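Here's the structure, in structure tokens; my notes come after.
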Amino acid sequence: MPGDDALMEAAPRPDDRTALLLVDVQAGFDDADYWGRRNNPECEANIAALLGHWRQAGGPVVFVRHDSRDPNSPLRPQRPGNALQEMVTGEPDLLVVKSVNSSFHGTPDLHAWLQQQGIQRLVICGVTTNHCCETTARVGGNLGYEVHFALDATHTFDRTGPDGQTIPAETLAQVTAANLHGEFATVTSTRVLLQS
């Protein structure tokens with residue numbers, strides 16, 4: 001992965017052609033009893049910093065909310081955990097509601113809206129790194145968007161693999177970075193994006 005200098009040269013500015021996507025930044029992900037151990041305690045502060053940066057510059061902001069179909073999920077509609085976290089303030093330019101991993105498979109149609117707005121670049125942050133954030137980045141890249149993935153403005157949880165072994169959240173985040181960078185997206189950092 002290139003160093004910060006190379007990333008800064010390529011970093012998108014929060015202008016009218018670059019949207020910030022906050023994916024599933026919901027209160028229910030604070031339920032450690034349900035989800036387990038997580039990584040990156042700085043995630044929420046980094047998301048808030050990116051949101052403030054985009055708002056100050058007048059760039060478009062999209063909130064994505066996951067309405068889980070699982071009756072036991074904290075993200076199920078009508079449960080308190082379905083709400084966006086407190087640092088997700090203000091009105092978005094678009095709110096997408098979904099029940100699958102990709103933000104491009106929700107309502108209203110994210111791709112159609114981005115096309116109508118003339119938006120060509122996406123900056124993705126949110127929860128979880130290796131599920132809805134990664135899937136959104138992959139689909140966005142396949143649709144032809146220039147995607148920037150703010151890895152340190154995402155977090156995920158330990159997972160148990162099919163062999164029964166626990167894979168730490170930190171490893172899953174590293175694998176997501178390796179999967180995406182140079183193929184579907186540019187993996188970057190909050191610090192780089194705030195200097196754009």
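Within each chain, counting starts at residue 1; across the structure tokens, chains are named A, B, ... in the order shown, with ligands numbered 1 upward in that order.
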
Checklist entry - Which polymer residues have any atom within 8 Å of an atom of Thr190 (chain A), counting only C-alpha atoms, with same-chain residues fewer than 5 positions away left out, as a VMD selection string? => result chain A and resid 46 49 to 50 150 to 153

Hey, which bits of region 40-102 of chain A sit within 7 Å of region 10-26 of chain A, and for each residue what's the closest pair of atoms and how far apart in Å (one decimal), counting only C-alpha atoms, rows by chain and increasing number, as CSV?
```
residue,atom,partner,partner_atom,distance
A:Trp54,CA,A:Pro14,CA,5.5
A:Ala57,CA,A:Pro14,CA,6.1
A:Gly58,CA,A:Asp15,CA,6.9
A:Gly59,CA,A:Asp15,CA,4.8
A:Pro60,CA,A:Ala19,CA,4.8
A:Val61,CA,A:Leu20,CA,4.9
A:Val62,CA,A:Leu21,CA,4.8
A:Phe63,CA,A:Leu22,CA,5.0
A:Val64,CA,A:Val23,CA,4.8
A:Arg65,CA,A:Asp24,CA,4.8
A:His66,CA,A:Asp24,CA,5.7
A:Gly81,CA,A:Gln26,CA,6.4
A:Asn82,CA,A:Gln26,CA,6.0
A:Ala83,CA,A:Gln26,CA,5.5
A:Leu84,CA,A:Gln26,CA,4.1
A:Gln85,CA,A:Gln26,CA,4.9
```

Kindly save the residues from that selection, with N, CA, C and O atoms included, as a PDB file, in the first residue's frame.
```
ATOM      1  N   TRP A  54     -16.743  17.146   5.808  1.00  0.00           N
ATOM      2  CA  TRP A  54     -17.600  17.192   4.608  1.00  0.00           C
ATOM      3  C   TRP A  54     -18.662  18.283   4.747  1.00  0.00           C
ATOM      4  O   TRP A  54     -18.929  19.019   3.806  1.00  0.00           O
ATOM      5  N   ALA A  57     -17.254  21.757   4.231  1.00  0.00           N
ATOM      6  CA  ALA A  57     -16.932  22.035   2.823  1.00  0.00           C
ATOM      7  C   ALA A  57     -18.170  22.030   1.929  1.00  0.00           C
ATOM      8  O   ALA A  57     -18.082  22.399   0.754  1.00  0.00           O
ATOM      9  N   GLY A  58     -19.295  21.603   2.455  1.00  0.00           N
ATOM     10  CA  GLY A  58     -20.518  21.564   1.657  1.00  0.00           C
ATOM     11  C   GLY A  58     -20.612  20.384   0.719  1.00  0.00           C
ATOM     12  O   GLY A  58     -21.391  20.397  -0.240  1.00  0.00           O
ATOM     13  N   GLY A  59     -19.830  19.330   0.998  1.00  0.00           N
ATOM     14  CA  GLY A  59     -19.882  18.134   0.160  1.00  0.00           C
ATOM     15  C   GLY A  59     -21.098  17.286   0.473  1.00  0.00           C
ATOM     16  O   GLY A  59     -21.636  17.330   1.583  1.00  0.00           O
ATOM     17  N   PRO A  60     -21.559  16.478  -0.488  1.00  0.00           N
ATOM     18  CA  PRO A  60     -22.742  15.636  -0.260  1.00  0.00           C
ATOM     19  C   PRO A  60     -22.462  14.515   0.738  1.00  0.00           C
ATOM     20  O   PRO A  60     -21.387  13.914   0.736  1.00  0.00           O
ATOM     21  N   VAL A  61     -23.462  14.246   1.578  1.00  0.00           N
ATOM     22  CA  VAL A  61     -23.355  13.236   2.630  1.00  0.00           C
ATOM     23  C   VAL A  61     -24.531  12.275   2.504  1.00  0.00           C
ATOM     24  O   VAL A  61     -25.683  12.699   2.377  1.00  0.00           O
ATOM     25  N   VAL A  62     -24.207  10.979   2.548  1.00  0.00           N
ATOM     26  CA  VAL A  62     -25.227   9.934   2.486  1.00  0.00           C
ATOM     27  C   VAL A  62     -25.149   9.114   3.767  1.00  0.00           C
ATOM     28  O   VAL A  62     -24.072   8.667   4.155  1.00  0.00           O
ATOM     29  N   PHE A  63     -26.293   8.933   4.426  1.00  0.00           N
ATOM     30  CA  PHE A  63     -26.389   8.019   5.552  1.00  0.00           C
ATOM     31  C   PHE A  63     -27.030   6.733   5.050  1.00  0.00           C
ATOM     32  O   PHE A  63     -27.996   6.770   4.271  1.00  0.00           O
ATOM     33  N   VAL A  64     -26.490   5.602   5.500  1.00  0.00           N
ATOM     34  CA  VAL A  64     -27.063   4.296   5.173  1.00  0.00           C
ATOM     35  C   VAL A  64     -27.437   3.617   6.478  1.00  0.00           C
ATOM     36  O   VAL A  64     -26.634   3.592   7.419  1.00  0.00           O
ATOM     37  N   ARG A  65     -28.652   3.086   6.547  1.00  0.00           N
ATOM     38  CA  ARG A  65     -29.132   2.417   7.764  1.00  0.00           C
ATOM     39  C   ARG A  65     -29.535   0.988   7.433  1.00  0.00           C
ATOM     40  O   ARG A  65     -30.242   0.741   6.449  1.00  0.00           O
ATOM     41  N   HIS A  66     -29.069   0.065   8.275  1.00  0.00           N
ATOM     42  CA  HIS A  66     -29.400  -1.345   8.072  1.00  0.00           C
ATOM     43  C   HIS A  66     -30.633  -1.700   8.897  1.00  0.00           C
ATOM     44  O   HIS A  66     -30.613  -1.602  10.129  1.00  0.00           O
ATOM     45  N   GLY A  81     -31.527   0.020  18.946  1.00  0.00           N
ATOM     46  CA  GLY A  81     -30.258  -0.127  18.241  1.00  0.00           C
ATOM     47  C   GLY A  81     -30.325   0.164  16.761  1.00  0.00           C
ATOM     48  O   GLY A  81     -29.284   0.304  16.106  1.00  0.00           O
ATOM     49  N   ASN A  82     -31.523   0.278  16.216  1.00  0.00           N
ATOM     50  CA  ASN A  82     -31.665   0.615  14.800  1.00  0.00           C
ATOM     51  C   ASN A  82     -31.316   2.077  14.529  1.00  0.00           C
ATOM     52  O   ASN A  82     -30.947   2.440  13.405  1.00  0.00           O
ATOM     53  N   ALA A  83     -31.381   2.909  15.560  1.00  0.00           N
ATOM     54  CA  ALA A  83     -31.131   4.350  15.392  1.00  0.00           C
ATOM     55  C   ALA A  83     -29.666   4.614  15.069  1.00  0.00           C
ATOM     56  O   ALA A  83     -28.767   3.853  15.462  1.00  0.00           O
ATOM     57  N   LEU A  84     -29.432   5.711  14.377  1.00  0.00           N
ATOM     58  CA  LEU A  84     -28.059   6.127  14.102  1.00  0.00           C
ATOM     59  C   LEU A  84     -27.398   6.590  15.397  1.00  0.00           C
ATOM     60  O   LEU A  84     -28.071   7.067  16.317  1.00  0.00           O
ATOM     61  N   GLN A  85     -26.084   6.439  15.477  1.00  0.00           N
ATOM     62  CA  GLN A  85     -25.359   6.853  16.669  1.00  0.00           C
ATOM     63  C   GLN A  85     -25.416   8.377  16.835  1.00  0.00           C
ATOM     64  O   GLN A  85     -25.630   9.111  15.879  1.00  0.00           O
TER      65      GLN A  85
END
```

Checklist entry - Of the candidates A:Ser189, A:Thr129, A:Asn142, A:Ser196, which shows the shortest atom-to-atom distance to Thr176 (chain A), using only C-alpha atoms? => result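 Between A:Ser189, A:Thr129, A:Asn142, A:Ser196, the residue approaching Thr176 (chain A) most closely is A:Thr129.
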
Checklist outcome for this item: Shortest contact to Glu86 (chain A), candidates A:Ala27, A:His111, A:Leu122, A:Leu51, atoms counted only C-alpha atoms, goes to A:Ala27

Checklist entry - Within 12 Å of Asp70 (chain A), counting only C-alpha atoms, which residues qualify if same-chain residues fewer than 6 places away don't, as a list in words? => result Arg76, Pro77, Arg79, Ser99 and Val100 of chain A

Serialized selection, N, CA, C and O atoms, as a compact mmCIF listing (two decimals), in the first residue's frame:
```txt
# COMPACT_ATOMS: atom_id res chain seq x y z
N ARG A 76 -32.72 -4.45 14.24
CA ARG A 76 -34.08 -4.62 13.72
C ARG A 76 -34.87 -3.32 13.89
O ARG A 76 -34.75 -2.64 14.90
N PRO A 77 -35.67 -2.95 12.89
CA PRO A 77 -36.51 -1.76 13.04
C PRO A 77 -37.38 -1.83 14.29
O PRO A 77 -37.78 -2.91 14.73
N ARG A 79 -36.35 -1.32 17.20
CA ARG A 79 -35.47 -1.51 18.35
C ARG A 79 -34.60 -0.27 18.50
O ARG A 79 -34.23 0.36 17.50
N SER A 99 -31.47 -3.93 3.80
CA SER A 99 -31.50 -5.11 4.67
C SER A 99 -30.50 -6.16 4.19
O SER A 99 -30.55 -7.31 4.63
N VAL A 100 -29.59 -5.76 3.29
CA VAL A 100 -28.52 -6.62 2.80
C VAL A 100 -27.20 -5.88 3.00
O VAL A 100 -27.18 -4.78 3.54
```
